[in-house]
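Here's the structure we're looking at; comments come further down.
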Amino acid sequence: MSRIAYVNGAYQRHSEAAVHIEDRGFQLADGVYEVCEIRHGYIVDLTRHLDRLDRSLSELRMAWPMTRAALILIIREVARRNRVKNGLFYLQVTRGAARRDHVFPAADTPSTIVVTAKRTDASVIAKKNASGISAITVPENRWDRVDIKSVGLLPNVLARQAAKEQGAQEAIFVETDGTVKEGAATNVWIVDKEGRLRTRHAEHGILRGITRTTLKDVTAAIGLEIVEQAFSVEDMLEAREVFITAATSICFPVVAVNGKTIANGHPGSVSQKIREAFFDIAEKTAI
């Protein structure tokens, strides 16, 4: 079955879908995006993802490409046309196509909007959850507004490539003082030596992950308390558990960082409990 994409008002074959060569997302990374999990025929945490999209658009002084209700209909239709029951959808909005110039184009320039959906292999995710993944640390070198979900991800790309070349699956950004920030595409959590579930505060310096936010509801439901407190690489290496969260993976246990084994080298019980409870508690929107 051929995949279908939605681009600027039309459903098209994925292999033929295209945007203008002077689209500002392509030339200037002048755009934002969202990625959202689809599980068992339901879109997970759609309201929070669209709320974050609204914030990102607002921070970049970009208008919505259409009403929220219309966008939801398109997302659901793209998922249906691609017969995605378990997978994800990707949504990108840019400031549109215009003569290349660093300043904003005319106010009436139409936004560019792209929505795609694809299936994912549940067995691959299950294997990573069963065995855990490894990570490396890299120096923080991104712009200051990583709280905006911008398509400008070159530092993240280079970090992930560095991880791959070292046999790892994620790269974790670290400040010059040794403080852990976040992963290239994830938020980072630890169960520290005292048994506390900790993650960095999200007021500044990291993306406020949707899975991170929903995980607060999950932990409350299963009786776990979260401490929003910065931690160092040393704290991470000495932790009882380390795990990362994202919409595309929910909760992956990290069993080694920079080649050093975390705890006993096996996924821990806290990440397992969170993963098992997550879908029941998260918001679910039928396709």
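In the structure tokens, the first chain shown is A, the next is B, and so on; residue numbers restart at 1 for each chain, and ligands run from 1 in the order shown.
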
Selection near A:Ala10, 12 Å with only C-alpha atoms, sequence-local residues under 6 positions removed, as a ChimeraX atom specification: /A:4,16-19,74,77-78,112-115

Keeping N, CA and C atoms for every residue in the selection just given, could you write it to a file as a PDB file, in the first residue's frame?
```
ATOM      1  N   ILE A   4       0.388   7.833   2.194  1.00  0.00           N
ATOM      2  CA  ILE A   4      -0.279   9.085   1.819  1.00  0.00           C
ATOM      3  C   ILE A   4       0.182  10.195   2.759  1.00  0.00           C
ATOM      4  N   GLU A  16       5.522  11.233  -3.839  1.00  0.00           N
ATOM      5  CA  GLU A  16       5.413  12.352  -4.770  1.00  0.00           C
ATOM      6  C   GLU A  16       5.188  13.687  -4.062  1.00  0.00           C
ATOM      7  N   ALA A  17       4.975  13.655  -2.772  1.00  0.00           N
ATOM      8  CA  ALA A  17       4.678  14.884  -2.026  1.00  0.00           C
ATOM      9  C   ALA A  17       5.895  15.800  -2.003  1.00  0.00           C
ATOM     10  N   ALA A  18       5.670  17.118  -2.103  1.00  0.00           N
ATOM     11  CA  ALA A  18       6.779  18.067  -2.163  1.00  0.00           C
ATOM     12  C   ALA A  18       6.318  19.443  -1.702  1.00  0.00           C
ATOM     13  N   VAL A  19       7.304  20.263  -1.304  1.00  0.00           N
ATOM     14  CA  VAL A  19       7.051  21.668  -1.001  1.00  0.00           C
ATOM     15  C   VAL A  19       7.938  22.509  -1.906  1.00  0.00           C
ATOM     16  N   ILE A  74      -7.663  16.380   9.827  1.00  0.00           N
ATOM     17  CA  ILE A  74      -6.625  15.989   8.859  1.00  0.00           C
ATOM     18  C   ILE A  74      -5.697  14.941   9.459  1.00  0.00           C
ATOM     19  N   GLU A  77      -7.446  11.684   9.463  1.00  0.00           N
ATOM     20  CA  GLU A  77      -7.605  11.165   8.106  1.00  0.00           C
ATOM     21  C   GLU A  77      -6.287  10.608   7.565  1.00  0.00           C
ATOM     22  N   VAL A  78      -5.179  11.291   7.836  1.00  0.00           N
ATOM     23  CA  VAL A  78      -3.871  10.787   7.394  1.00  0.00           C
ATOM     24  C   VAL A  78      -3.575   9.442   8.055  1.00  0.00           C
ATOM     25  N   THR A 112       3.087  26.732   5.237  1.00  0.00           N
ATOM     26  CA  THR A 112       3.208  25.388   4.676  1.00  0.00           C
ATOM     27  C   THR A 112       2.888  24.399   5.777  1.00  0.00           C
ATOM     28  N   ILE A 113       2.046  23.418   5.477  1.00  0.00           N
ATOM     29  CA  ILE A 113       1.724  22.389   6.463  1.00  0.00           C
ATOM     30  C   ILE A 113       1.860  21.015   5.836  1.00  0.00           C
ATOM     31  N   VAL A 114       2.521  20.133   6.558  1.00  0.00           N
ATOM     32  CA  VAL A 114       2.734  18.756   6.133  1.00  0.00           C
ATOM     33  C   VAL A 114       2.325  17.837   7.276  1.00  0.00           C
ATOM     34  N   VAL A 115       1.560  16.793   6.962  1.00  0.00           N
ATOM     35  CA  VAL A 115       1.209  15.772   7.946  1.00  0.00           C
ATOM     36  C   VAL A 115       1.475  14.408   7.323  1.00  0.00           C
TER      37      VAL A 115
END
```

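Excluding A:Arg208 itself and any same-chain residue fewer than 6 positions from it, the protein and nucleic acid residues within 12 Å of it, counting only C-alpha atoms, are Arg48, His49, Asp51, Arg52, Leu53, Arg55, Ser56, Arg145, Val146, Asp147, Ile148, Lys149, Lys181, Glu182, Ala185, Thr186, Asn187, Val188, Thr199, Arg200, His201, Ala202, Thr214, Leu215, Thr245, Ala246 and Ala247 of chain A.
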
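Take atom CA of A:Asp192 and atom CA of A:Ala256: the distance between them is 15.0 Å.
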
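Relative to atom CA of A:Leu153, atom CA of A:Thr137 is found at 17.0 Å.
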
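Here atom CA of A:Asn141 stands at a distance of 21.2 Å from atom CA of A:Gly25.
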
Sel. of helix (DSSP H, G or I) residues, stretch 194-258 of chain A, as number ranges by chain: A: 210-221, 233-237

All strand (DSSP E) residues (DSSP, backbone) inside stretch 129-284 of chain A, as number ranges by chain: A: 133-139, 170-174, 180-183, 187-191, 197-199, 226-228, 241-246, 250-257, 260-261, 284

Surrounding residues of A:Arg80 excluding itself and chain neighbours under 4 positions, 7 Å, only C-alpha atoms, as a ChimeraX atom specification: /A:76,84,287

Can you build me a table of stretch 179-202 of chain A residues sitting at most 8 Å from stretch 220-227 of chain A, with the closest atom pair per residue and its distance in Å to one decimal, using only C-alpha atoms, sorted by chain and residue number, as CSV?
```
residue,atom,partner,partner_atom,distance
A:Arg196,CA,A:Val227,CA,6.9
A:Leu197,CA,A:Ile226,CA,5.1
A:Arg198,CA,A:Val227,CA,4.7
A:Thr199,CA,A:Val227,CA,6.6
```

Polymer residues at most 12 Å from A:Thr94, only C-alpha atoms, same-chain spacing of 5 or more positions, as a ChimeraX atom specification: /A:7-8,19-20,22-33,53,56-57,60-65,104-105,109-114,149-152

Expected file contents, prior selection, N, CA and C atoms, as an mmCIF file, in the first residue's frame:
```
data_model
loop_
_atom_site.group_PDB
_atom_site.id
_atom_site.type_symbol
_atom_site.label_atom_id
_atom_site.label_comp_id
_atom_site.auth_asym_id
_atom_site.auth_seq_id
_atom_site.Cartn_x
_atom_site.Cartn_y
_atom_site.Cartn_z
ATOM 1 N N VAL A 7 -0.265 17.648 2.216
ATOM 2 C CA VAL A 7 0.597 18.809 1.991
ATOM 3 C C VAL A 7 -0.253 19.959 1.450
ATOM 4 N N ASN A 8 -0.370 21.005 2.238
ATOM 5 C CA ASN A 8 -0.997 22.256 1.788
ATOM 6 C C ASN A 8 -2.349 22.044 1.100
ATOM 7 N N VAL A 19 7.304 20.263 -1.304
ATOM 8 C CA VAL A 19 7.051 21.668 -1.001
ATOM 9 C C VAL A 19 7.938 22.509 -1.906
ATOM 10 N N HIS A 20 7.673 23.794 -1.959
ATOM 11 C CA HIS A 20 8.398 24.714 -2.832
ATOM 12 C C HIS A 20 9.869 24.807 -2.415
ATOM 13 N N GLU A 22 11.690 27.308 -2.207
ATOM 14 C CA GLU A 22 11.938 28.472 -1.365
ATOM 15 C C GLU A 22 11.089 28.453 -0.090
ATOM 16 N N ASP A 23 10.643 27.269 0.279
ATOM 17 C CA ASP A 23 9.948 27.168 1.562
ATOM 18 C C ASP A 23 10.925 27.527 2.678
ATOM 19 N N ARG A 24 10.484 28.337 3.620
ATOM 20 C CA ARG A 24 11.372 28.843 4.666
ATOM 21 C C ARG A 24 11.795 27.751 5.653
ATOM 22 N N GLY A 25 11.009 26.687 5.745
ATOM 23 C CA GLY A 25 11.454 25.568 6.557
ATOM 24 C C GLY A 25 12.656 24.889 5.948
ATOM 25 N N PHE A 26 12.657 24.748 4.623
ATOM 26 C CA PHE A 26 13.765 24.125 3.909
ATOM 27 C C PHE A 26 15.001 25.020 3.910
ATOM 28 N N GLN A 27 14.824 26.297 3.699
ATOM 29 C CA GLN A 27 15.973 27.192 3.543
ATOM 30 C C GLN A 27 16.469 27.800 4.854
ATOM 31 N N LEU A 28 15.573 28.022 5.810
ATOM 32 C CA LEU A 28 15.959 28.760 7.011
ATOM 33 C C LEU A 28 15.598 28.054 8.321
ATOM 34 N N ALA A 29 15.089 26.836 8.236
ATOM 35 C CA ALA A 29 14.601 26.130 9.429
ATOM 36 C C ALA A 29 13.568 26.967 10.176
ATOM 37 N N ASP A 30 12.774 27.720 9.414
ATOM 38 C CA ASP A 30 11.777 28.628 9.983
ATOM 39 C C ASP A 30 10.445 27.889 10.104
ATOM 40 N N GLY A 31 10.403 26.961 11.040
ATOM 41 C CA GLY A 31 9.196 26.158 11.201
ATOM 42 C C GLY A 31 9.227 25.380 12.496
ATOM 43 N N VAL A 32 8.111 24.752 12.803
ATOM 44 C CA VAL A 32 7.963 23.963 14.024
ATOM 45 C C VAL A 32 7.330 22.627 13.670
ATOM 46 N N TYR A 33 7.382 21.693 14.622
ATOM 47 C CA TYR A 33 6.837 20.370 14.340
ATOM 48 C C TYR A 33 6.337 19.710 15.607
ATOM 49 N N LEU A 53 2.168 22.829 20.173
ATOM 50 C CA LEU A 53 2.264 23.417 18.842
ATOM 51 C C LEU A 53 1.835 24.874 18.875
ATOM 52 N N SER A 56 4.642 26.910 20.385
ATOM 53 C CA SER A 56 5.770 27.063 19.472
ATOM 54 C C SER A 56 5.456 28.073 18.381
ATOM 55 N N LEU A 57 4.268 27.989 17.797
ATOM 56 C CA LEU A 57 3.863 28.944 16.770
ATOM 57 C C LEU A 57 3.846 30.359 17.335
ATOM 58 N N LEU A 60 7.304 31.906 17.816
ATOM 59 C CA LEU A 60 7.927 32.294 16.555
ATOM 60 C C LEU A 60 7.068 33.266 15.746
ATOM 61 N N ARG A 61 5.982 33.739 16.363
ATOM 62 C CA ARG A 61 5.086 34.721 15.737
ATOM 63 C C ARG A 61 4.551 34.199 14.404
ATOM 64 N N MET A 62 4.134 32.938 14.421
ATOM 65 C CA MET A 62 3.536 32.299 13.260
ATOM 66 C C MET A 62 2.068 32.016 13.535
ATOM 67 N N ALA A 63 1.266 32.137 12.497
ATOM 68 C CA ALA A 63 -0.165 31.884 12.620
ATOM 69 C C ALA A 63 -0.453 30.393 12.432
ATOM 70 N N TRP A 64 -1.546 29.943 13.031
ATOM 71 C CA TRP A 64 -2.020 28.586 12.752
ATOM 72 C C TRP A 64 -2.359 28.482 11.267
ATOM 73 N N PRO A 65 -2.060 27.343 10.636
ATOM 74 C CA PRO A 65 -2.371 27.205 9.207
ATOM 75 C C PRO A 65 -3.854 26.995 8.946
ATOM 76 N N PHE A 104 10.762 38.345 8.005
ATOM 77 C CA PHE A 104 9.516 37.644 7.707
ATOM 78 C C PHE A 104 8.980 38.052 6.340
ATOM 79 N N PRO A 105 8.344 37.135 5.641
ATOM 80 C CA PRO A 105 7.679 37.500 4.390
ATOM 81 C C PRO A 105 6.400 38.281 4.677
ATOM 82 N N THR A 109 1.414 35.664 3.447
ATOM 83 C CA THR A 109 2.065 34.478 2.901
ATOM 84 C C THR A 109 1.478 33.225 3.562
ATOM 85 N N PRO A 110 0.929 32.298 2.779
ATOM 86 C CA PRO A 110 0.333 31.099 3.395
ATOM 87 C C PRO A 110 1.376 30.228 4.080
ATOM 88 N N SER A 111 1.018 29.678 5.220
ATOM 89 C CA SER A 111 1.882 28.711 5.882
ATOM 90 C C SER A 111 2.005 27.454 5.024
ATOM 91 N N THR A 112 3.087 26.732 5.237
ATOM 92 C CA THR A 112 3.208 25.388 4.676
ATOM 93 C C THR A 112 2.888 24.399 5.777
ATOM 94 N N ILE A 113 2.046 23.418 5.477
ATOM 95 C CA ILE A 113 1.724 22.389 6.463
ATOM 96 C C ILE A 113 1.860 21.015 5.836
ATOM 97 N N VAL A 114 2.521 20.133 6.558
ATOM 98 C CA VAL A 114 2.734 18.756 6.133
ATOM 99 C C VAL A 114 2.325 17.837 7.276
ATOM 100 N N LYS A 149 9.727 23.860 19.863
ATOM 101 C CA LYS A 149 9.950 22.635 19.080
ATOM 102 C C LYS A 149 10.173 23.021 17.617
ATOM 103 N N SER A 150 11.354 23.551 17.372
ATOM 104 C CA SER A 150 11.730 24.055 16.054
ATOM 105 C C SER A 150 12.318 22.942 15.202
ATOM 106 N N VAL A 151 12.214 23.095 13.868
ATOM 107 C CA VAL A 151 12.818 22.124 12.956
ATOM 108 C C VAL A 151 14.327 22.322 12.839
ATOM 109 N N GLY A 152 14.885 23.331 13.497
ATOM 110 C CA GLY A 152 16.327 23.557 13.478
ATOM 111 C C GLY A 152 17.033 22.597 14.426
#
```

Selection near A:Thr120, 12 Å with only C-alpha atoms, sequence-local residues under 2 positions removed, as a PyMOL selection string: chain A and resi 37-40+83-89+117-118+122-126+248-249

Neighbour list for A:Gly195 as a list in words, cut-off 10 Å, only C-alpha atoms, skip fewer than 4 positions in-chain: Ile190, Val191, Ala239, Arg240, Glu241 and Val270 of chain A
